[in-house]
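Visitor: My structure is below; once you've seen it, I'll send some questions.
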Amino acid sequence: MINRFLRITFILTGLVLLFPVTGSAETPLPVIHEPEGDGVKCVEPEDVMRRDHMNFILHQRDETMHEGIRTSKYSFAECINCHVEPDDNGNIAAADSKDHFCNACHEYAAVTIDCFECHADRPQKFINRGGKSSALQEEMHQMLTVIEGTGGELK
Amino acid sequence: MSDCVNQSRRSFLEKSAVVGAITIAPGILLHQVANAKPDDQPVSDTVRWGMLINTNNCEQGCTDCIDACNTEHGLVGNNRPQSDTQYIRKVTLRDKMTGHELSLPLMCQHCETAPCVDVCPTGASFQRKDGIALVDKHICIGCRYCMMACPYKARSFVHEAVNNQTLSAPRGKGTVESCTMCVHRVDKDQIPACVEACGKGKHDAMMFGDLNDPNSEISKELEKHGGKQIRADLQLNTAVRYQGL
Ligand code: SF4
Ligand code: SF4
């Protein structure tokens with residue numbers, strides 16, 4: 001009898017864990033910027049890119065770095081050139097914003113990437129040396145200015 | 001000296017048709033460099049990229065090459081000259097006896113037997129088959145052994161967060177970097193930014209080309225007038241040679 005009671009309890013608990021009641025406060029899916037223009041197509045179908053983009057980029061990374069192979073198909077710079085565009089006000093979302101093409105999903109999936117520690121997060125024509133590409137880095141620079149008491153403007 | 005440079009000339013001649021670089025005046029090479037490879041082909045050791053610097057033409061106080069390099073690679077300093085990145089710098093030499101001064105640009109010498117490659121514990125400091133010495137920042141751990149090993153003080157460490165990099169020259173905090181011989185331009189048949197700027201400024205002190213190709217402008221000039229290595233005693237067979245030292 002006790003055994004049967006335990007078994008039922010276990011099954012019920014399992015069911016509750018498997019199918020949690022979903023409320024209306026579900027995390028919204030990321031909004032991804034689709035490149036504009038007729039006939040603009042990614043180098044692979046969307047579902048392939050979603051699963052394998054990191055492998056394509058990683059493979060190309062080593063070939064470019066060590067062997068000088070510079071084909072554009074899986075080039076990281078080409079991803080950026082196509083996918084990162086200014087919004088209606090002409091602003092480009094920095095890599096640490098959820099409006100940035102890459103970070104939109106990465107933030108949703110809680111997968112941190114460090115590509116943009118070194119790589120530009122926007123096409124060359126939008127790179128503005130005096131501009132702020134990240135709130136965090138800007139803050140760091142301000143802190144440094146205060147610490148060093150230079151008061152000067154750090155570029 | 002020229003023996004080292006000539007090592008693989010014969011095999012190169014056998015393997016490929018040789019096309020001379022197009023020049024408009026000594027030292028000024030047109031954008032197109034002969035025998036550049038297609039995008040999908042790996043670099044090979046039939047080519048060895050090098051530079052020849054004529055110190056007699058290098059003006060003291062001129063920073064055209066440095067400015068071009070900084071722009072090309074997005075090198076923005078933090079007003080800390082002790083630690084700000086330098087790929088190329090001007091060095092002034094003074095002969096104590098005669099008082100004669102000369103000024104020359106110094107960058108990574110792209111040594112054939114590179115000490116920076118020997119000491120790197122991760123393989124991040126490496127050399128491409130065409131002789132260009134690079135840091136693979138993806139695997140650099142920032143230990144800075146290579147900086148200590150380099151006899152030319154050619155490398156810099158990135159101490160601070162970087163933003164607004166150029167698309168073709170990624171660089172970031174915690175890694176070591178140095179002159180890449182503008183590898184991203186060379187792979188696209190262009191000459192390094194410093195060499196281009198020197199020519200544009202009508203100084204003509206820098207020449208770039210393939211040391212393995214006996215018909216390249218640089219090889220011909222080296223054959224005719226020679227070119228010294230800085231610290232030749234270290235026997236590193238550098239790809240950057242100097243005249244007028
Ligand atoms: S000059 Fe220095 S950084 Fe360049 S290859 Fe030689 S040892 Fe390495
Ligand atoms: S700093 Fe980076 S490139 Fe230099 S020796 Fe260390 S791991 Fe290698």
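Letters A, B, ... mark the chains of the structure tokens in the order given; residue numbers begin at 1 per chain; ligand numbers begin at 1, in order shown.
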Taking only stretch 52-159 of chain B into account, list the residues labelled strand (DSSP E or B) by DSSP (computed from the backbone), as a PyMOL selection string.
Guide: chain B and resi 52-54+88-94+101-107+125-127+133-135+156-157
Visitor: What are the residues of chain A lining chain B at 6 Å or less? Count only C-alpha atoms, and put the answer as a PDB file with N, CA and C atoms, in the first residue's frame.
Guide:
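File result.pdb, as written:
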ATOM      1  N   GLU A  67      47.133  30.158 -42.516  1.00  0.00           N
ATOM      2  CA  GLU A  67      47.457  29.824 -43.904  1.00  0.00           C
ATOM      3  C   GLU A  67      47.122  30.941 -44.882  1.00  0.00           C
ATOM      4  N   GLY A  68      46.561  32.012 -44.376  1.00  0.00           N
ATOM      5  CA  GLY A  68      46.286  33.144 -45.259  1.00  0.00           C
ATOM      6  C   GLY A  68      45.146  32.899 -46.232  1.00  0.00           C
ATOM      7  N   ILE A  69      44.275  31.918 -45.937  1.00  0.00           N
ATOM      8  CA  ILE A  69      43.128  31.673 -46.820  1.00  0.00           C
ATOM      9  C   ILE A  69      42.061  32.727 -46.517  1.00  0.00           C
ATOM     10  N   ARG A  70      41.709  33.492 -47.510  1.00  0.00           N
ATOM     11  CA  ARG A  70      40.811  34.620 -47.251  1.00  0.00           C
ATOM     12  C   ARG A  70      39.580  34.596 -48.124  1.00  0.00           C
ATOM     13  N   THR A  71      38.974  33.413 -48.252  1.00  0.00           N
ATOM     14  CA  THR A  71      37.715  33.334 -48.988  1.00  0.00           C
ATOM     15  C   THR A  71      36.647  34.002 -48.144  1.00  0.00           C
ATOM     16  N   GLU A 117      35.892  41.217 -28.034  1.00  0.00           N
ATOM     17  CA  GLU A 117      36.976  41.812 -27.252  1.00  0.00           C
ATOM     18  C   GLU A 117      38.034  42.337 -28.226  1.00  0.00           C
ATOM     19  N   CYS A 118      38.175  41.616 -29.331  1.00  0.00           N
ATOM     20  CA  CYS A 118      39.197  41.974 -30.325  1.00  0.00           C
ATOM     21  C   CYS A 118      38.605  42.419 -31.664  1.00  0.00           C
ATOM     22  N   HIS A 119      37.544  41.734 -32.090  1.00  0.00           N
ATOM     23  CA  HIS A 119      37.007  42.012 -33.422  1.00  0.00           C
ATOM     24  C   HIS A 119      36.047  43.201 -33.404  1.00  0.00           C
ATOM     25  N   ALA A 120      36.033  43.922 -34.514  1.00  0.00           N
ATOM     26  CA  ALA A 120      35.094  45.030 -34.664  1.00  0.00           C
ATOM     27  C   ALA A 120      33.676  44.471 -34.713  1.00  0.00           C
ATOM     28  N   GLN A 124      33.223  48.198 -41.454  1.00  0.00           N
ATOM     29  CA  GLN A 124      34.276  49.212 -41.434  1.00  0.00           C
ATOM     30  C   GLN A 124      33.730  50.619 -41.611  1.00  0.00           C
ATOM     31  N   ARG A 129      36.300  56.307 -34.780  1.00  0.00           N
ATOM     32  CA  ARG A 129      37.298  56.232 -33.715  1.00  0.00           C
ATOM     33  C   ARG A 129      36.925  56.963 -32.430  1.00  0.00           C
TER      34      ARG A 129
END
Visitor: Please check which protein, DNA or RNA residues sit within 10 Å of ligand 2, counting only C-alpha atoms and all ligand atoms, and write them as a PyMOL selection string.
Guide: chain B and resi 115-126+134-150+155-157+174-178
Visitor: For a quick check of understanding, using only C-alpha atoms and all ligand atoms, which of B:Lys153, B:Lys220, B:His203, B:Lys228 has the smallest distance to ligand 1?
Guide: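 Using only C-alpha atoms and all ligand atoms, the shortest distance to ligand 1 belongs to B:Lys153.
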Visitor: Can you pull out every residue within 6 Å of B:Val240, counting only C-alpha atoms, but drop anything in the same chain fewer than 2 positions away, and send it as a compact mmCIF listing (two decimals) with C-alpha atoms, in the first residue's frame?
Guide:
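Below is the file that was written, around_6.txt:
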# COMPACT_ATOMS: atom_id res chain seq x y z
CA GLY B 50 60.60 41.21 -47.07
CA MET B 51 61.39 44.88 -46.88
CA LEU B 52 64.38 46.95 -47.77
CA GLN B 109 62.10 42.08 -38.58
CA THR B 238 65.68 38.85 -40.94
Visitor: May I ask for the distance between atom CA of B:Gln229 and atom CA of B:Glu101, given in Å to one decimal place?
Guide: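 About the pair atom CA of B:Gln229 and atom CA of B:Glu101: they are 18.4 Å apart.
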Visitor: Leaving out A:Val84 and any residue of its chain fewer than 4 positions from it, which residues lie within 12 Å of it when counting only C-alpha atoms, given as number ranges by chain?
Guide: A: 32-36, 76-80, 90-95, 99-104, 120-127
Visitor: Write out as a ChimeraX atom specification each polymer residue whose atoms come within 8 Å of B:Ala193, counting only C-alpha atoms; drop sequence neighbours fewer than 5 positions from it.
Guide: /B:65,68-69,72,182
Visitor: Store the residues of this selection in a file with N, CA, C and O atoms, as a PDB file, in the first residue's frame.
Guide:
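The resulting selection.pdb:
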ATOM      1  N   CYS B  65      55.305  56.784 -42.080  1.00  0.00           N
ATOM      2  CA  CYS B  65      55.109  55.335 -41.993  1.00  0.00           C
ATOM      3  C   CYS B  65      54.370  54.966 -40.704  1.00  0.00           C
ATOM      4  O   CYS B  65      53.483  54.109 -40.697  1.00  0.00           O
ATOM      5  N   ALA B  68      50.673  55.965 -40.929  1.00  0.00           N
ATOM      6  CA  ALA B  68      49.932  55.058 -41.806  1.00  0.00           C
ATOM      7  C   ALA B  68      49.665  53.738 -41.091  1.00  0.00           C
ATOM      8  O   ALA B  68      48.578  53.169 -41.188  1.00  0.00           O
ATOM      9  N   CYS B  69      50.662  53.257 -40.352  1.00  0.00           N
ATOM     10  CA  CYS B  69      50.518  51.988 -39.626  1.00  0.00           C
ATOM     11  C   CYS B  69      49.439  52.110 -38.557  1.00  0.00           C
ATOM     12  O   CYS B  69      48.567  51.246 -38.430  1.00  0.00           O
ATOM     13  N   GLU B  72      46.052  52.193 -40.210  1.00  0.00           N
ATOM     14  CA  GLU B  72      45.711  50.908 -40.812  1.00  0.00           C
ATOM     15  C   GLU B  72      45.237  49.911 -39.751  1.00  0.00           C
ATOM     16  O   GLU B  72      44.303  49.152 -39.960  1.00  0.00           O
ATOM     17  N   CYS B 182      51.433  43.947 -42.548  1.00  0.00           N
ATOM     18  CA  CYS B 182      50.125  44.185 -43.182  1.00  0.00           C
ATOM     19  C   CYS B 182      49.638  42.942 -43.920  1.00  0.00           C
ATOM     20  O   CYS B 182      49.228  43.018 -45.086  1.00  0.00           O
TER      21      CYS B 182
END
